[in-house]
Structure formats: structure tokens, C-alpha cells
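Engineer: Here you go, this is structure.cif (mmCIF, C-alpha atoms).
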data_run
#
loop_
_atom_site.label_atom_id
_atom_site.label_comp_id
_atom_site.auth_asym_id
_atom_site.auth_seq_id
_atom_site.Cartn_x
_atom_site.Cartn_y
_atom_site.Cartn_z
CA MET A 1 55.31 121.59 96.60
CA ASP A 2 58.68 123.30 96.22
CA LEU A 3 60.14 120.85 98.70
CA VAL A 4 58.84 117.87 96.71
CA LEU A 5 60.28 119.30 93.48
CA ALA A 6 63.64 119.92 95.14
CA ALA A 7 63.67 116.35 96.52
CA SER A 8 62.96 114.81 93.11
CA ALA A 9 65.58 117.03 91.43
CA ALA A 10 68.14 115.84 94.01
CA ASN A 11 67.06 112.27 93.34
CA ILE A 12 67.62 112.65 89.59
CA LEU A 13 71.01 114.23 90.23
CA VAL A 14 72.07 111.32 92.43
CA TRP A 15 70.90 108.86 89.77
CA ILE A 16 72.97 110.64 87.10
CA VAL A 17 76.07 110.65 89.32
CA TRP A 18 75.51 106.98 90.12
CA ILE A 19 75.17 105.95 86.47
CA VAL A 20 78.28 107.89 85.43
CA ALA A 21 80.30 106.44 88.33
CA ALA A 22 79.03 102.90 87.66
CA LEU A 23 79.91 103.07 83.95
CA ALA A 24 83.36 104.49 84.76
CA LEU A 25 83.85 101.76 87.37
CA LEU A 26 83.04 98.89 85.01
CA ALA A 27 84.87 100.39 82.01
CA SER A 28 88.06 101.02 83.99
CA GLY A 29 87.81 97.56 85.58
CA ILE A 30 87.64 95.93 82.16
CA ALA A 31 90.49 98.19 81.00
CA VAL A 32 92.71 97.00 83.90
CA VAL A 33 92.10 93.39 82.94
CA LEU A 34 92.47 93.75 79.17
CA PHE A 35 95.31 96.30 78.64
CA ALA A 36 98.37 94.49 77.33
CA ASN A 37 100.81 96.92 79.00
CA PRO A 38 100.83 96.67 82.83
CA PHE A 39 101.64 100.39 83.05
CA TYR A 40 98.32 101.30 81.42
CA SER A 41 96.55 98.73 83.62
CA ALA A 42 97.86 100.43 86.76
CA LEU A 43 96.76 103.83 85.42
CA ALA A 44 93.27 102.44 84.68
CA LEU A 45 93.16 101.16 88.27
CA ILE A 46 93.34 104.79 89.44
CA GLY A 47 90.12 105.54 87.51
CA ASN A 48 88.56 102.43 89.01
CA LEU A 49 89.44 103.52 92.55
CA ALA A 50 88.25 107.10 91.97
CA SER A 51 84.83 105.99 90.72
CA LEU A 52 84.57 103.63 93.70
CA ALA A 53 85.24 106.61 95.98
CA VAL A 54 82.31 108.45 94.33
CA LEU A 55 80.04 105.48 95.06
CA TYR A 56 81.26 105.38 98.67
CA LEU A 57 80.29 109.06 98.99
CA LEU A 58 76.80 108.26 97.69
CA LEU A 59 76.59 105.56 100.39
CA ASP A 60 77.41 108.14 103.13
CA ALA A 61 80.88 106.68 103.76
CA GLU A 62 82.88 109.92 103.60
CA PHE A 63 85.87 108.76 105.61
CA VAL A 64 86.23 105.49 103.69
CA ALA A 65 86.06 107.43 100.40
CA ALA A 66 88.85 109.76 101.54
CA ALA A 67 90.95 106.85 102.82
CA GLN A 68 90.37 105.01 99.54
CA VAL A 69 91.82 107.86 97.49
CA LEU A 70 94.72 108.44 99.89
CA VAL A 71 95.72 104.82 100.51
CA TYR A 72 95.05 103.35 97.08
CA ALA A 73 95.49 106.07 94.49
CA GLY A 74 98.13 107.78 96.63
CA ALA A 75 100.19 104.86 97.89
CA VAL A 76 99.37 101.43 96.47
CA VAL A 77 99.11 102.46 92.81
CA VAL A 78 102.29 104.56 93.06
CA MET A 79 104.08 101.48 94.42
CA PHE A 80 102.72 99.41 91.52
CA LEU A 81 103.92 102.04 89.04
CA PHE A 82 107.42 102.08 90.59
CA VAL A 83 107.70 98.29 90.40
CA ILE A 84 106.40 98.23 86.82
CA ALA A 85 108.89 100.94 85.85
CA TYR A 86 111.71 99.03 87.62
CA LEU A 87 110.92 95.73 85.93
CA GLY A 88 110.15 97.30 82.56
CA GLY A 89 106.50 96.43 81.97
CA ARG A 90 106.60 93.74 79.33
CA ALA A 91 103.47 93.83 77.15
CA ASP A 92 101.54 90.59 77.26
CA ALA A 93 98.38 90.59 75.16
CA PRO A 94 95.71 88.46 76.82
CA TRP A 95 94.13 87.44 73.52
CA ALA A 96 97.36 86.68 71.61
CA GLY A 97 97.04 83.48 69.59
CA GLY A 98 93.24 83.30 69.64
CA PRO A 99 90.97 82.04 72.42
CA THR A 100 92.42 79.08 74.29
CA LEU A 101 90.60 76.53 76.40
CA GLN A 102 91.84 78.38 79.50
CA SER A 103 90.42 81.73 78.40
CA VAL A 104 87.04 80.21 77.51
CA ALA A 105 86.93 78.51 80.93
CA ALA A 106 87.87 81.84 82.59
CA VAL A 107 84.99 83.64 80.87
CA ALA A 108 82.59 80.86 81.88
CA ALA A 109 83.78 80.86 85.51
CA ALA A 110 83.53 84.65 85.88
CA ALA A 111 80.09 84.69 84.24
CA ALA A 112 78.94 81.88 86.55
CA ILE A 113 80.03 83.81 89.67
CA ALA A 114 78.26 86.95 88.45
CA LEU A 115 75.08 85.10 87.45
CA GLU A 116 74.76 83.19 90.73
CA VAL A 117 75.06 86.27 92.92
CA VAL A 118 72.82 88.41 90.68
CA VAL A 119 70.09 85.74 90.91
CA VAL A 120 70.36 85.67 94.72
CA ILE A 121 70.24 89.49 94.90
CA ALA A 122 67.21 89.57 92.58
CA LEU A 123 65.43 87.02 94.77
CA LYS A 124 66.12 89.06 97.91
CA ALA A 125 65.64 92.52 96.38
CA ASP A 126 61.96 92.72 97.27
CA ASP A 127 62.06 91.79 100.94
CA ALA A 128 65.39 91.97 102.82
CA LEU A 129 67.12 94.51 100.59
CA SER A 130 64.19 96.86 99.94
CA THR A 131 64.40 98.66 103.29
CA THR A 132 67.25 101.05 104.04
CA ALA A 133 67.87 102.44 107.51
CA ASP A 134 67.71 106.18 108.14
CA VAL A 135 71.09 107.52 109.21
CA GLY A 136 72.06 110.77 110.87
CA GLU A 137 74.45 113.44 109.65
CA SER A 138 77.41 111.90 111.49
CA PHE A 139 77.15 108.46 109.81
CA GLY A 140 80.50 107.59 108.23
CA SER A 141 82.23 110.73 109.49
CA PRO A 142 85.84 110.49 110.72
CA ALA A 143 84.65 111.14 114.30
CA GLU A 144 82.25 108.21 114.26
CA ILE A 145 84.74 105.85 112.57
CA GLY A 146 87.37 106.88 115.13
CA MET A 147 85.00 106.23 118.03
CA LEU A 148 84.14 102.77 116.65
CA PHE A 149 87.83 101.91 116.12
CA LEU A 150 88.81 102.95 119.63
CA SER A 151 85.84 101.35 121.42
CA ASP A 152 84.15 98.33 119.80
CA HIS A 153 86.96 97.42 117.39
CA LEU A 154 90.08 98.22 119.41
CA LEU A 155 91.56 94.73 118.85
CA ALA A 156 91.16 95.04 115.06
CA PHE A 157 92.83 98.47 115.22
CA GLU A 158 95.84 97.13 117.14
CA VAL A 159 96.17 93.98 115.01
CA THR A 160 96.14 96.25 111.94
CA SER A 161 99.29 97.99 113.13
CA ILE A 162 101.06 94.64 113.61
CA VAL A 163 99.96 93.47 110.14
CA LEU A 164 101.36 96.63 108.58
CA LEU A 165 104.65 96.30 110.49
CA VAL A 166 105.05 92.65 109.43
CA ALA A 167 104.24 93.55 105.82
CA ALA A 168 106.79 96.39 105.83
CA VAL A 169 109.53 94.13 107.25
CA GLY A 170 108.58 91.35 104.81
CA GLY A 171 108.68 93.77 101.89
CA VAL A 172 112.17 94.93 102.86
CA ILE A 173 113.42 91.34 103.25
CA LEU A 174 111.91 90.17 99.96
CA GLY A 175 112.96 93.21 97.95
CA GLY A 176 116.30 93.89 99.65
CA SER A 177 119.61 92.52 98.45
CA MET A 178 120.44 89.02 99.61
CA PRO A 179 123.79 87.93 101.12
CA LYS A 180 126.32 86.76 98.50
CA GLU A 181 126.15 83.03 99.28
CA GLN A 182 122.38 82.92 98.90
CA GLU A 183 122.44 84.74 95.59
CA ASP A 184 121.59 81.60 93.61
CA MET B 1 67.97 107.23 100.55
CA LEU B 2 68.28 109.17 97.30
CA GLY B 3 69.19 107.46 94.06
CA PRO B 4 69.33 103.72 93.37
CA GLY B 5 68.64 101.15 96.08
CA ILE B 6 71.14 98.87 97.81
CA ALA B 7 70.49 96.04 95.33
CA SER B 8 71.91 98.16 92.46
CA TYR B 9 75.14 98.70 94.40
CA LEU B 10 75.37 94.97 95.13
CA ILE B 11 74.89 94.02 91.48
CA LEU B 12 77.57 96.55 90.50
CA SER B 13 79.88 95.02 93.09
CA VAL B 14 79.40 91.46 91.84
CA VAL B 15 79.97 92.46 88.22
CA LEU B 16 83.20 94.17 89.30
CA PHE B 17 84.20 91.08 91.28
CA ALA B 18 83.61 88.86 88.25
CA THR B 19 85.76 91.22 86.14
CA GLY B 20 88.59 90.88 88.63
CA ALA B 21 88.20 87.10 88.86
CA PHE B 22 88.31 86.91 85.06
CA GLY B 23 91.52 88.94 85.08
CA VAL B 24 93.16 86.69 87.67
CA LEU B 25 92.24 83.60 85.64
CA ILE B 26 93.23 84.84 82.21
CA ARG B 27 96.37 86.98 82.62
CA ARG B 28 99.86 85.51 82.80
CA SER B 29 101.75 88.57 84.03
CA PRO B 30 101.90 88.41 87.86
CA LEU B 31 101.75 92.24 88.01
CA ILE B 32 98.37 92.34 86.30
CA ILE B 33 97.13 89.42 88.39
CA LEU B 34 97.88 91.54 91.48
CA LEU B 35 96.01 94.50 89.96
CA ALA B 36 93.00 92.26 89.24
CA LEU B 37 93.17 90.99 92.85
CA GLU B 38 92.92 94.60 94.03
CA ILE B 39 89.78 94.96 91.91
CA MET B 40 88.27 91.87 93.56
CA LEU B 41 89.03 93.20 97.07
CA ASN B 42 87.50 96.55 96.17
CA ALA B 43 84.35 94.88 94.87
CA GLY B 44 84.02 93.17 98.25
CA ASN B 45 84.53 96.54 99.94
CA LEU B 46 81.72 98.09 97.88
CA ALA B 47 79.33 95.34 99.03
CA LEU B 48 80.43 95.84 102.67
CA ILE B 49 79.81 99.58 102.51
CA ALA B 50 76.46 99.12 100.76
CA PHE B 51 75.35 96.75 103.55
CA ALA B 52 76.65 99.17 106.20
CA ARG B 53 74.46 101.89 104.66
CA GLN B 54 71.46 99.54 104.50
CA GLN B 55 71.78 98.54 108.16
CA GLY B 56 72.65 102.08 109.27
CA ASP B 57 75.60 100.59 111.17
CA GLY B 58 79.22 101.78 111.00
CA ASP B 59 80.70 98.33 111.61
CA GLY B 60 80.66 97.51 107.88
CA GLN B 61 82.81 100.56 107.18
CA ILE B 62 85.30 99.45 109.85
CA PHE B 63 85.48 96.08 108.10
CA ALA B 64 86.05 97.81 104.74
CA LEU B 65 88.92 99.87 106.20
CA THR B 66 90.49 96.69 107.60
CA VAL B 67 90.19 95.04 104.18
CA MET B 68 92.03 98.06 102.72
CA VAL B 69 94.90 97.53 105.17
CA VAL B 70 95.09 93.85 104.25
CA ALA B 71 95.04 94.78 100.56
CA ALA B 72 97.91 97.22 101.06
CA ALA B 73 99.95 94.56 102.92
CA GLU B 74 99.16 92.04 100.18
CA ALA B 75 100.32 94.47 97.50
CA VAL B 76 103.62 95.09 99.34
CA LEU B 77 104.38 91.39 99.73
CA GLY B 78 103.17 90.47 96.24
CA LEU B 79 105.32 93.14 94.61
CA GLY B 80 108.27 92.13 96.82
CA LEU B 81 107.89 88.53 95.61
CA ILE B 82 107.70 89.66 91.98
CA VAL B 83 110.89 91.73 92.36
CA ALA B 84 112.63 88.78 94.06
CA VAL B 85 111.54 86.43 91.25
CA SER B 86 112.71 88.81 88.54
CA ARG B 87 116.14 89.04 90.29
CA LYS B 88 116.54 85.32 89.68
CA ARG B 89 116.27 86.04 85.94
CA VAL B 90 113.05 84.02 85.74
CA GLU B 91 110.62 85.20 83.10
CA LEU B 92 107.67 87.09 84.63
CA ASP B 93 104.99 84.65 83.54
CA VAL B 94 102.99 82.60 86.02
CA ASP B 95 103.07 79.63 83.61
CA ALA B 96 106.89 79.68 83.73
CA LEU B 97 107.12 79.51 87.54
CA THR B 98 107.12 75.76 87.92
CA SER B 99 109.98 75.11 90.38
CA LEU B 100 107.55 74.29 93.21
CA LYS B 101 105.40 72.03 91.06
CA GLY B 102 105.03 68.61 92.67
#
Show me this structure written as C-alpha cells.
Structural biologist:
Amino acid sequence: MDLVLAASAANILVWIVWIVAALALLASGIAVVLFANPFYSALALIGNLASLAVLYLLLDAEFVAAAQVLVYAGAVVVMFLFVIAYLGGRADAPWAGGPTLQSVAAVAAAAAIALEVVVVIALKADDALSTTADVGESFGSPAEIGMLFLSDHLLAFEVTSIVLLVAAVGGVILGGSMPKEQED
Amino acid sequence: MLGPGIASYLILSVVLFATGAFGVLIRRSPLIILLALEIMLNAGNLALIAFARQQGDGDGQIFALTVMVVAAAEAVLGLGLIVAVSRKRVELDVDALTSLKG
């Protein structure tokens, strides 16, 4: 009896955490898209990434959640903030001058994408999606991810390092100063 | 599994993806278009991790980590392009970048 009560209390707790994280996720996502100042958009993206990390933890993906916070909030967003500070984030209000044909079409296209996939998920929710596998304690732990990367997915791991090297060199070439004759 | 089922995570992920797609379509500042692209990639990651949990298989998480690497590389190159464009004294507005228009 005590065990059943404890299990349902844990269930309610997970539901509360999920709802808070989901609301924060959607609110910060909308904030990123609608803030006129790119600086505020980049700050809202941090909230978006943090609530995603909470959802990853609920899905037993501990290592991905940690990597998400480190790589995104720690590195990518900081890079965005530096570039925005360097360029002087010019405010550009998305709704300035009333709704245009383009903005109406954008709303319709985004709503169509969402509606299509939600209908497919609702159709599949009762059969294919209703069962969830049981996983052990080690699921999603750094040790298991490391084993997978160095055994089954070794090629992806090595290609990743080349992609990062090429991106770093490309970033230096694009952002670095050009020779005088190519200046314009 | 405690809490909501996999379908709730998937619906959350598609709503987030639609938010990002809306941002890419509606904004004119290339910086905010890149931020909205990051949101779309993260929505895809959420679906991948939800499916990995449903199947009880770590491969989905490996895929999500690889997507993160690609997103980081994309951010570096996108920001590099934006800095290079702004050096040419072109206004940072995707509607103004028409030199390559056919």
C-alpha cells in the first residue's frame, strides 16, 4: 500500500515537472521568435534550451541533457551573444506595419506542419506509441553513450571530429580579415 | 515510465518545431533566423530522444548528439557569414541580400 502511494506521488511529481518544463519550453520558444531585439531572443533561447534539458532528464537521457547545457547554453549561445554585441543588435519588430501576406502565409504554413504531425501522432497514439520499453539504470549514462560511440557508431564519432574541424577553419576564414585586394 | 507518455513529448516537439519554422519564415534579421533554426533542430532532437526512450535503445541519443554537433557547426558558419556580410556594409536584412538573385 505504501509502495503504491509512493509510486503515485512520484507520478504526480513527474507530471508537474513535465507541465512546468513544457510551458517554459513553448513560452521561451515563442519569445525567441517574437522579441524585436536579437539580444533578448538569444537570452530567451537559453531558457528554451534549459527546459529542453529538463525534458531530456525525464526521458532518462542524462548525458544528452548535460551536453545540451554545456554545448548550447555554454558555447553556442555565448557565440551568438558575442556576434550580436559586435554587430549591434538592430531591433526589427516582426509585426511592424501590420500583418502582411508573407506573415499570414507563415502562420498558415507553421500551423499546417503542426496540425499534420499532431493528427498522425493522435492516430498512432493508441497502438505503436502506447508501449514504452523498460530500461535499466545505465540507460543514457555517459558510460553507455561512450560505449555506443566507440563500438557501433565509431564512424559517426570520427566524422564528427572532421565536421568540427572544417567548421572551425571555415569560421576563421569567413570571419577573419580578407587580403586588401579582395576587400571589395 | 512515470509521467506523460511518449505521444505527449512528440506533440510538444512538433509544436516547438512549428514555432521555429514560423520564426524562420517571418523574421528578416538573419541572426534571429539562425536562432529559430536552432529551435527547429532542438525540436527534432526532442523527438529523437523520446523515440530512444520508447524503444529502450541508446542509438537515438547518439543521433541527437550528432545533430547537436551539426547544429554547432551550422551556427559557427552562419554567424561567420553574417559577420562577413555586415563587413560589406550590406544591411542585415534577408530581403536586402539580392546580389545572387537570378
Engineer: Which neighbours of Val172 in chain A fall inside 12 Å, counting all atoms listed in the file, when residues of the same chain fewer than 3 positions from it are skipped, and could you give them as a ChimeraX atom specification?
Structural biologist: /A:165-169,175-178 /B:76-77,79-81,83-84
Engineer: Let me make sure I understand: among A:Leu57, A:Ala112, A:Val71, A:Val118, which one has the smallest atom-to-atom distance to Met68 in chain B if we use only C-alpha atoms?
Structural biologist: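 Among the listed residues, A:Val71 lies closest to Met68 in chain B.
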Engineer: Taking into account only C-alpha atoms, which residue in the set A:Ile84, A:Leu70, A:Leu101, A:Ile121 is nearest to Ala72 in chain B?
Structural biologist: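 Smallest separation from Ala72 in chain B among the options: A:Leu70.
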Engineer: Between CA of Met40 in chain B and CA of Asn37 in chain A, what is the distance in Å, rounded to a tenth?
Structural biologist: 19.9 Å
Engineer: Could you spell out the hits of the PyMOL selection byres ((chain B) within 8 of (chain A)) on the shown file, as a ChimeraX atom specification?
Structural biologist: /B:1-7,10-12,14-23,25-29,31-32,35-36,39,46,49-50,53-56,58-59,61-62,64-66,68-70,72-77,79-81,83-84,86,88
Engineer: Quote the spacing between CA of Leu34 in chain B and CA of Tyr9 in chain B in Å to one decimal place.
Structural biologist: 24.0 Å
Engineer: Could you state the separation of CA of Leu43 in chain A and CA of Val67 in chain B in Å, given to one decimal place?
Structural biologist: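 Separation between CA of Leu43 in chain A and CA of Val67 in chain B: 21.7 Å.
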